[in-house]
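Quick notes on the structure that follows.
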Amino acid sequence: MGCMEPISPLEQALHAARALVLADLVAGRVAEADVVSLVEDSVTQRRWWVEQWPDGVHFVAGLVAQDVQDALLERYGRWPLCPVCGSGDPHALEVEPELGPDPHWVCHRAGVKVAAVGLLGSAIDPAPSS
């Protein structure tokens with residue numbers, strides 16, 4: 001039997017980033033094929049970026065989320081819309097830190113962390129408490 005090659009930390013980070021951002025897209029009901037291809041484009045670009053700057057491996061999830069958010073803004077409009085503010089103009093959440101580990105979706109208008117990247121579904125569609 002052949003041995004599988006171990007998955008590098010870079011590939012682990014890229015797979016995790018892809019999964020987290022896809023989870024948020026699914027939660028926001030915008031995971032269409034062309035949107036998923038935006039995630040793949042970002043992952044490809046970020047692979048090169050991390051190869052140039054290996055210390056950036058911990059920042060990949062937030063960067064992929066920002067890349068997809070920017071690409072969606074150009075093509076479709078703001079995403080993800082803030083689920084916290086019930087009134088006023090619809091506005092998008094932002095990723096913080098812009099370049100750091102443990103990225104979160106944040107509403108600057110309300111000044112609150114809404115959800116970690118990858119867990120937006122819990123903020124958009126909270127499970128009923130029993």
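Residues are named by chain letter and number: chains run A, B, ... in the order of the structure tokens, numbers start at 1 in each chain, and ligands are numbered from 1 in the order shown.
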Contacts of stretch 79-91 of chain A within 8 Å, only C-alpha atoms, excl. fewer than 6 positions in-chain, as a PDB file with N, CA, C and O atoms, in the first residue's frame:
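Saved result, around-v3.pdb, follows:
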ATOM      1  N   GLY A  28     -25.668  32.543   3.508  1.00  0.00           N
ATOM      2  CA  GLY A  28     -26.278  33.718   2.903  1.00  0.00           C
ATOM      3  C   GLY A  28     -27.040  33.405   1.631  1.00  0.00           C
ATOM      4  O   GLY A  28     -27.516  34.315   0.954  1.00  0.00           O
ATOM      5  N   GLN A  69     -15.716  38.883  -0.905  1.00  0.00           N
ATOM      6  CA  GLN A  69     -16.589  40.026  -0.637  1.00  0.00           C
ATOM      7  C   GLN A  69     -16.365  41.124  -1.692  1.00  0.00           C
ATOM      8  O   GLN A  69     -17.324  41.679  -2.236  1.00  0.00           O
ATOM      9  N   LEU A  72     -17.722  39.964  -5.113  1.00  0.00           N
ATOM     10  CA  LEU A  72     -19.190  40.008  -5.119  1.00  0.00           C
ATOM     11  C   LEU A  72     -19.703  41.433  -5.236  1.00  0.00           C
ATOM     12  O   LEU A  72     -20.691  41.687  -5.920  1.00  0.00           O
ATOM     13  N   LEU A  73     -19.025  42.378  -4.582  1.00  0.00           N
ATOM     14  CA  LEU A  73     -19.440  43.777  -4.643  1.00  0.00           C
ATOM     15  C   LEU A  73     -19.399  44.273  -6.087  1.00  0.00           C
ATOM     16  O   LEU A  73     -20.321  44.941  -6.548  1.00  0.00           O
ATOM     17  N   CYS A 107     -19.897  44.368  12.364  1.00  0.00           N
ATOM     18  CA  CYS A 107     -20.739  45.486  11.942  1.00  0.00           C
ATOM     19  C   CYS A 107     -20.160  46.742  12.573  1.00  0.00           C
ATOM     20  O   CYS A 107     -20.183  46.900  13.793  1.00  0.00           O
ATOM     21  N   ALA A 110     -22.969  49.126  14.279  1.00  0.00           N
ATOM     22  CA  ALA A 110     -23.377  48.775  15.647  1.00  0.00           C
ATOM     23  C   ALA A 110     -22.172  48.557  16.560  1.00  0.00           C
ATOM     24  O   ALA A 110     -22.315  48.468  17.775  1.00  0.00           O
ATOM     25  N   VAL A 114     -20.150  40.046  14.757  1.00  0.00           N
ATOM     26  CA  VAL A 114     -21.370  39.304  14.447  1.00  0.00           C
ATOM     27  C   VAL A 114     -21.120  37.799  14.486  1.00  0.00           C
ATOM     28  O   VAL A 114     -21.885  37.056  15.075  1.00  0.00           O
ATOM     29  N   ALA A 123     -25.481  33.541  12.864  1.00  0.00           N
ATOM     30  CA  ALA A 123     -25.950  34.913  13.078  1.00  0.00           C
ATOM     31  C   ALA A 123     -27.136  35.241  12.170  1.00  0.00           C
ATOM     32  O   ALA A 123     -28.027  35.987  12.546  1.00  0.00           O
ATOM     33  N   ILE A 124     -27.116  34.669  10.957  1.00  0.00           N
ATOM     34  CA  ILE A 124     -28.182  34.961   9.988  1.00  0.00           C
ATOM     35  C   ILE A 124     -29.452  34.202  10.358  1.00  0.00           C
ATOM     36  O   ILE A 124     -30.545  34.731  10.302  1.00  0.00           O
TER      37      ILE A 124
END
Shell around A:Ser8 at 12 Å using only C-alpha atoms, local window under 6 positions removed, as a PyMOL selection string: chain A and resi 14-15+47+51+54+57
Could you write out the selected residues, including C-alpha atoms, as a tab-separated table (two decimals), in the first residue's frame?
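Contents of again-v5.tsv, freshly written:
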chain	number	residue	atom	x	y	z
A	14	LEU	CA	-6.26	26.95	2.01
A	15	HIS	CA	-8.73	24.08	2.41
A	47	ARG	CA	-1.67	30.10	-2.49
A	51	GLU	CA	4.27	30.86	-0.90
A	54	PRO	CA	4.85	31.80	4.62
A	57	VAL	CA	-0.58	31.29	6.39
Nearest-residue call for A:Val30, choices A:Asp102, A:Ala116, A:Pro97, A:Gly77, using only C-alpha atoms: A:Gly77
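With only C-alpha atoms as the basis for measurement, A:Asp70 is the residue among A:Asp55, A:Asp125, A:Asp41, A:Asp70 that approaches A:Ala92 most closely.
Residues in contact with A:Asp34 at 12 Å, where only C-alpha atoms are counted and same-chain residues fewer than 3 positions away are skipped, are listed as Leu25, Val30, Ala31, Ser37, Leu38, Val39, Glu40, Asp41, Val68, Ala71, Leu72, Arg75 and Tyr76 of chain A.
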Residues flagged strand (DSSP E) by DSSP in stretch 7-130 of chain A, as a ChimeraX atom specification: /A:94-96,104-107,112-116
Spatial neighbours of A:Pro101, 8 Å, only C-alpha atoms, chain gap at least 5 places, as JSON, numbers by chain: {"A": [58, 59, 62]}
Distance query A:Val64 at most 8 Å, only C-alpha atoms, self and fewer than 4 positions along chain excluded, as a ChimeraX atom specification: /A:17-18,21,39,42-43,46,60,68
Would you export the selected residues with N, CA and C atoms as a PDB file, in the first residue's frame, please?
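Done, and the output landed in again.pdb:
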ATOM      1  N   ALA A  17      -9.790  27.717   4.669  1.00  0.00           N
ATOM      2  CA  ALA A  17     -10.317  29.013   4.222  1.00  0.00           C
ATOM      3  C   ALA A  17     -11.458  28.800   3.230  1.00  0.00           C
ATOM      4  N   ARG A  18     -11.253  27.908   2.272  1.00  0.00           N
ATOM      5  CA  ARG A  18     -12.285  27.599   1.277  1.00  0.00           C
ATOM      6  C   ARG A  18     -13.562  27.134   1.982  1.00  0.00           C
ATOM      7  N   VAL A  21     -15.341  30.091   4.016  1.00  0.00           N
ATOM      8  CA  VAL A  21     -16.013  31.080   3.174  1.00  0.00           C
ATOM      9  C   VAL A  21     -17.210  30.449   2.467  1.00  0.00           C
ATOM     10  N   VAL A  39     -14.429  31.977  -5.117  1.00  0.00           N
ATOM     11  CA  VAL A  39     -13.680  31.418  -3.985  1.00  0.00           C
ATOM     12  C   VAL A  39     -12.445  30.692  -4.510  1.00  0.00           C
ATOM     13  N   SER A  42      -9.769  33.102  -5.603  1.00  0.00           N
ATOM     14  CA  SER A  42      -9.087  33.684  -4.456  1.00  0.00           C
ATOM     15  C   SER A  42      -8.102  32.697  -3.840  1.00  0.00           C
ATOM     16  N   VAL A  43      -8.525  31.445  -3.690  1.00  0.00           N
ATOM     17  CA  VAL A  43      -7.651  30.427  -3.093  1.00  0.00           C
ATOM     18  C   VAL A  43      -6.386  30.272  -3.941  1.00  0.00           C
ATOM     19  N   ARG A  46      -4.219  33.319  -3.310  1.00  0.00           N
ATOM     20  CA  ARG A  46      -3.660  33.314  -1.956  1.00  0.00           C
ATOM     21  C   ARG A  46      -2.615  32.223  -1.775  1.00  0.00           C
ATOM     22  N   VAL A  60      -5.014  33.490   5.938  1.00  0.00           N
ATOM     23  CA  VAL A  60      -5.643  33.135   4.662  1.00  0.00           C
ATOM     24  C   VAL A  60      -7.171  33.186   4.719  1.00  0.00           C
ATOM     25  N   VAL A  68     -13.477  37.463  -1.741  1.00  0.00           N
ATOM     26  CA  VAL A  68     -14.794  37.079  -2.258  1.00  0.00           C
ATOM     27  C   VAL A  68     -15.782  38.229  -2.055  1.00  0.00           C
TER      28      VAL A  68
END
Selection: 9 Å around A:Leu20, only C-alpha atoms, excl. self and same-chain fewer than 6 positions, as a PyMOL selection string: chain A and resi 61+65+117-119
Dump N, CA, C and O atoms for the selected residues as a PDB file, in the first residue's frame?
ATOM      1  N   ALA A  61      -7.786  32.698   5.771  1.00  0.00           N
ATOM      2  CA  ALA A  61      -9.260  32.654   5.822  1.00  0.00           C
ATOM      3  C   ALA A  61      -9.852  34.066   5.711  1.00  0.00           C
ATOM      4  O   ALA A  61     -10.786  34.299   4.940  1.00  0.00           O
ATOM      5  N   ALA A  65     -12.018  35.573   2.517  1.00  0.00           N
ATOM      6  CA  ALA A  65     -13.339  36.173   2.760  1.00  0.00           C
ATOM      7  C   ALA A  65     -13.406  37.579   2.173  1.00  0.00           C
ATOM      8  O   ALA A  65     -14.389  37.949   1.514  1.00  0.00           O
ATOM      9  N   VAL A 117     -15.604  34.188  10.803  1.00  0.00           N
ATOM     10  CA  VAL A 117     -15.686  33.766   9.410  1.00  0.00           C
ATOM     11  C   VAL A 117     -15.917  32.256   9.405  1.00  0.00           C
ATOM     12  O   VAL A 117     -15.245  31.512  10.114  1.00  0.00           O
ATOM     13  N   GLY A 118     -16.919  31.829   8.661  1.00  0.00           N
ATOM     14  CA  GLY A 118     -17.297  30.419   8.613  1.00  0.00           C
ATOM     15  C   GLY A 118     -18.508  30.096   9.471  1.00  0.00           C
ATOM     16  O   GLY A 118     -19.120  29.045   9.316  1.00  0.00           O
ATOM     17  N   LEU A 119     -18.874  31.004  10.380  1.00  0.00           N
ATOM     18  CA  LEU A 119     -20.003  30.756  11.283  1.00  0.00           C
ATOM     19  C   LEU A 119     -21.114  31.783  11.103  1.00  0.00           C
ATOM     20  O   LEU A 119     -21.924  32.001  12.005  1.00  0.00           O
TER      21      LEU A 119
END
